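J.: After the structure tokens below, expect a handful of questions from me.
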Amino acid sequence: MFHATDTADLFASAFAETVDGFRISRAEDAVTADMPDAQEMQHATEMLVTTLFDVLRDSRLESLAERLAWGIVHSFHKVADQLDGEADRAAQQVRSLIRDDDGSEIATTALEEAQTLCRSLDEARDAVACMRDHGARIFHTETGRPWVAPRATLVSSKRTASVIAATDFLAARRQRQIEDHAPQGPVVIVSGGRSWSDYRLIWDRLDLIRARVPMMILATTGQDAGCDAIAAAWAGRTGVKLVAFGLDRNMGKRAGFVRNEQLLKLRPVEALVCEGSGLQSHLARAVRAAGVPATFLTLAQQHAAAGHS
């Protein structure tokens, strides 16, 4: 669980200035203005979400507060995703300029400008992603339910931006992306059916696992609803790195079983398997056979836990 000091540290990191001559568009001139104050941005994010609930409470529109708040958090998510794509395209331009570099002053200037654009986009993306993650935590506080992104993977990590050669810059950026999307550490796998709706039982088990494996990486079967989505929301809330394994549709009926095999090849240190389809049953058997310490949850346990809440 995040505390106030954790959140303040995250905002201080996300709103640190990493590049001079900031620009997030080739059409715009570089600016030297400071980043917004991290503490003010933290409070502004909280106000955006909480004010909706406060103003609409006890009114005929109260039931819309949750939907509107979800949309606010999603807007941060969408903009962060857009900036990430723009940064990737800027990195491609850097590669092209390196390939065509003729040593001239014009080429050198163009390369420096392209690197600045890419770093600036990374900086902006990290700031917006930090706001999204905090907004999601506030959403959970207000509603008692996790905010779940339309897509399973949420990556938030501050990238460094030291002044380095263009080729080293690209290599470092690629390595950061690898670490974001294929992070190194002890892997805990989670899989379950789409019928899971009560997040508390799953979150409690994940909290217990994290207490045992504090540097854990969470790997899920990547569904956008049910158990996997609940686990993804927990990862976003706690700052745990998440890797979502989607289905390779080209493999037809074998796709789910191949995905299970991929998860086991990660050499997980622990597993949480929640009742679902035959794919979860297959994974449970494979986990037992591999000797992986595991927790198995049933839908009956979910219903019992909901009845006692």
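Simple scheme: letters A, B, ... for chains in structure tokens order, numbers from 1 for residues in each chain, numbers from 1 for ligands in the order shown.
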Do a neighbour search on Asp101 (chain A) at 12 Å with only C-alpha atoms, toss out local chain neighbours closer than 5 positions, and write the hits as a compact mmCIF listing (two decimals) with N, CA and C atoms, in the first residue's frame.

T.:
```txt
# COMPACT_ATOMS: atom_id res chain seq x y z
N GLN A 93 13.37 8.43 -35.62
CA GLN A 93 14.01 9.50 -36.37
C GLN A 93 15.48 9.63 -35.98
N VAL A 94 15.77 9.46 -34.68
CA VAL A 94 17.17 9.51 -34.25
C VAL A 94 17.97 8.43 -34.97
N ARG A 95 17.43 7.22 -35.05
CA ARG A 95 18.13 6.13 -35.74
C ARG A 95 18.39 6.49 -37.20
N SER A 96 17.38 7.08 -37.83
CA SER A 96 17.53 7.46 -39.24
C SER A 96 18.61 8.52 -39.41
N ILE A 106 24.83 20.83 -39.97
CA ILE A 106 23.37 20.71 -40.12
C ILE A 106 22.90 19.36 -39.61
N ALA A 107 23.63 18.29 -39.97
CA ALA A 107 23.25 16.95 -39.53
C ALA A 107 23.38 16.81 -38.02
N THR A 108 24.45 17.39 -37.47
CA THR A 108 24.66 17.32 -36.02
C THR A 108 23.54 18.04 -35.28
N THR A 109 23.16 19.21 -35.77
CA THR A 109 22.09 19.98 -35.14
C THR A 109 20.76 19.22 -35.20
N ALA A 110 20.48 18.63 -36.37
CA ALA A 110 19.23 17.87 -36.52
C ALA A 110 19.19 16.69 -35.55
N LEU A 111 20.34 16.03 -35.36
CA LEU A 111 20.41 14.89 -34.46
C LEU A 111 20.19 15.32 -33.02
N GLU A 112 20.79 16.42 -32.63
CA GLU A 112 20.62 16.92 -31.26
C GLU A 112 19.16 17.30 -31.00
N ALA A 166 24.53 9.90 -29.40
CA ALA A 166 23.25 9.48 -29.96
C ALA A 166 23.10 7.96 -29.98
N THR A 167 24.13 7.24 -30.34
CA THR A 167 24.03 5.77 -30.38
C THR A 167 23.84 5.21 -28.97
```

J.: Excluding same-chain residues fewer than 5 positions from Leu83 (chain A), what lies within 9 Å of it counting only C-alpha atoms, as a list in words?

T.: Ile24, Lys78, Asp88, Leu121, Asp122, Ala124 and Arg125 of chain A

J.: Check the smallest atom-to-atom distance from each of A:Arg212, A:Arg60, A:Arg26, A:His134 to Asp9 (chain A) using only C-alpha atoms, then report the winner.

T.: A:His134

J.: Could you check how far CA of Val287 (chain A) sits from CA of Gly252 (chain A), in Å to one decimal?

T.: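 Computing the Euclidean distance for CA of Val287 (chain A) and CA of Gly252 (chain A) yields 23.0 Å.
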
J.: Which residue is closest to Arg254 (chain A)? Choose from A:Arg288, A:Arg237, A:His282, A:Arg267 and count only C-alpha atoms.

T.: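 For Arg254 (chain A), the nearest of the candidates is A:His282.
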
J.: Counting only C-alpha atoms, which of A:Gln223, A:Thr18, A:Ser277, A:Gln42 gets nearest to Met131 (chain A)?

T.: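 Closest to Met131 (chain A) of all the choices is A:Gln42.
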
J.: Quick one: residues within 12 Å of Thr221 (chain A), only C-alpha atoms, excluding same-chain residues fewer than 2 positions away - as number ranges by chain?

T.: A: 152-153, 188-194, 218-219, 223-232, 242-248, 255-264, 272-274, 276, 279-280, 283

J.: Using DSSP assignments from the backbone, pull out every residue in region 5-251 of chain A that falls under strand (DSSP E) and give it to me as a PyMOL selection string.

T.: chain A and resi 187-191+217-220+242-244

J.: Using only C-alpha atoms, please write the residues we just selected to a file, as a PDB file, in the first residue's frame.

T.:
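out-v4.pdb, written as the output of this step:
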```
ATOM      1  CA  VAL A 187       8.407 -13.792 -11.004  1.00  0.00           C
ATOM      2  CA  VAL A 188       4.995 -14.467  -9.482  1.00  0.00           C
ATOM      3  CA  ILE A 189       2.395 -15.698 -11.969  1.00  0.00           C
ATOM      4  CA  VAL A 190      -1.336 -15.017 -11.689  1.00  0.00           C
ATOM      5  CA  SER A 191      -4.139 -16.462 -13.766  1.00  0.00           C
ATOM      6  CA  ILE A 217       7.523  -9.174 -10.874  1.00  0.00           C
ATOM      7  CA  LEU A 218       3.883  -9.997 -11.628  1.00  0.00           C
ATOM      8  CA  ALA A 219       3.112 -12.019 -14.769  1.00  0.00           C
ATOM      9  CA  THR A 220      -0.514 -12.555 -15.794  1.00  0.00           C
ATOM     10  CA  LEU A 242       3.568  -6.195 -14.577  1.00  0.00           C
ATOM     11  CA  VAL A 243       4.089  -8.399 -17.630  1.00  0.00           C
ATOM     12  CA  ALA A 244       0.891  -9.474 -19.389  1.00  0.00           C
TER      13      ALA A 244
END
```

J.: So, with only C-alpha atoms as the atoms that count, which of A:Thr143, A:Ser25, A:Gln302, A:Thr238 lies closest to Thr116 (chain A)?

T.: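 Nearest candidate to Thr116 (chain A) out of A:Thr143, A:Ser25, A:Gln302, A:Thr238: A:Ser25.
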
J.: Have a look at A:Val79, A:Ala8, A:Leu97, A:Leu64 and name the one nearest to Asp37 (chain A); count only C-alpha atoms.

T.: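 Between A:Val79, A:Ala8, A:Leu97, A:Leu64, the residue approaching Asp37 (chain A) most closely is A:Ala8.
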
J.: Skipping near chain neighbours, those fewer than 3 positions away, what residues fall within 8 Å of Tyr199 (chain A) using only C-alpha atoms, listed as JSON, numbers by chain?

T.: {"A": [145, 146, 196, 202, 203, 227, 230]}

J.: What lies within 7 Å of Pro293 (chain A) using only C-alpha atoms, ignoring chain neighbours under 4 positions off, as a tab-separated table (two decimals) with N, CA and C atoms, in the first residue's frame?

T.:
```tsv
chain	number	residue	atom	x	y	z
A	269	VAL	N	8.65	-18.05	-8.81
A	269	VAL	CA	8.92	-18.44	-7.43
A	269	VAL	C	7.63	-18.72	-6.68
A	270	GLU	N	6.50	-18.28	-7.24
A	270	GLU	CA	5.21	-18.51	-6.61
A	270	GLU	C	4.12	-18.29	-7.65
A	271	ALA	N	2.94	-18.85	-7.39
A	271	ALA	CA	1.83	-18.70	-8.32
A	271	ALA	C	0.53	-18.51	-7.55
```

J.: CA of Trp234 (chain A) and CA of Val148 (chain A), how far apart in Å?

T.: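 Computing it gives 9.3 Å between the two atoms.
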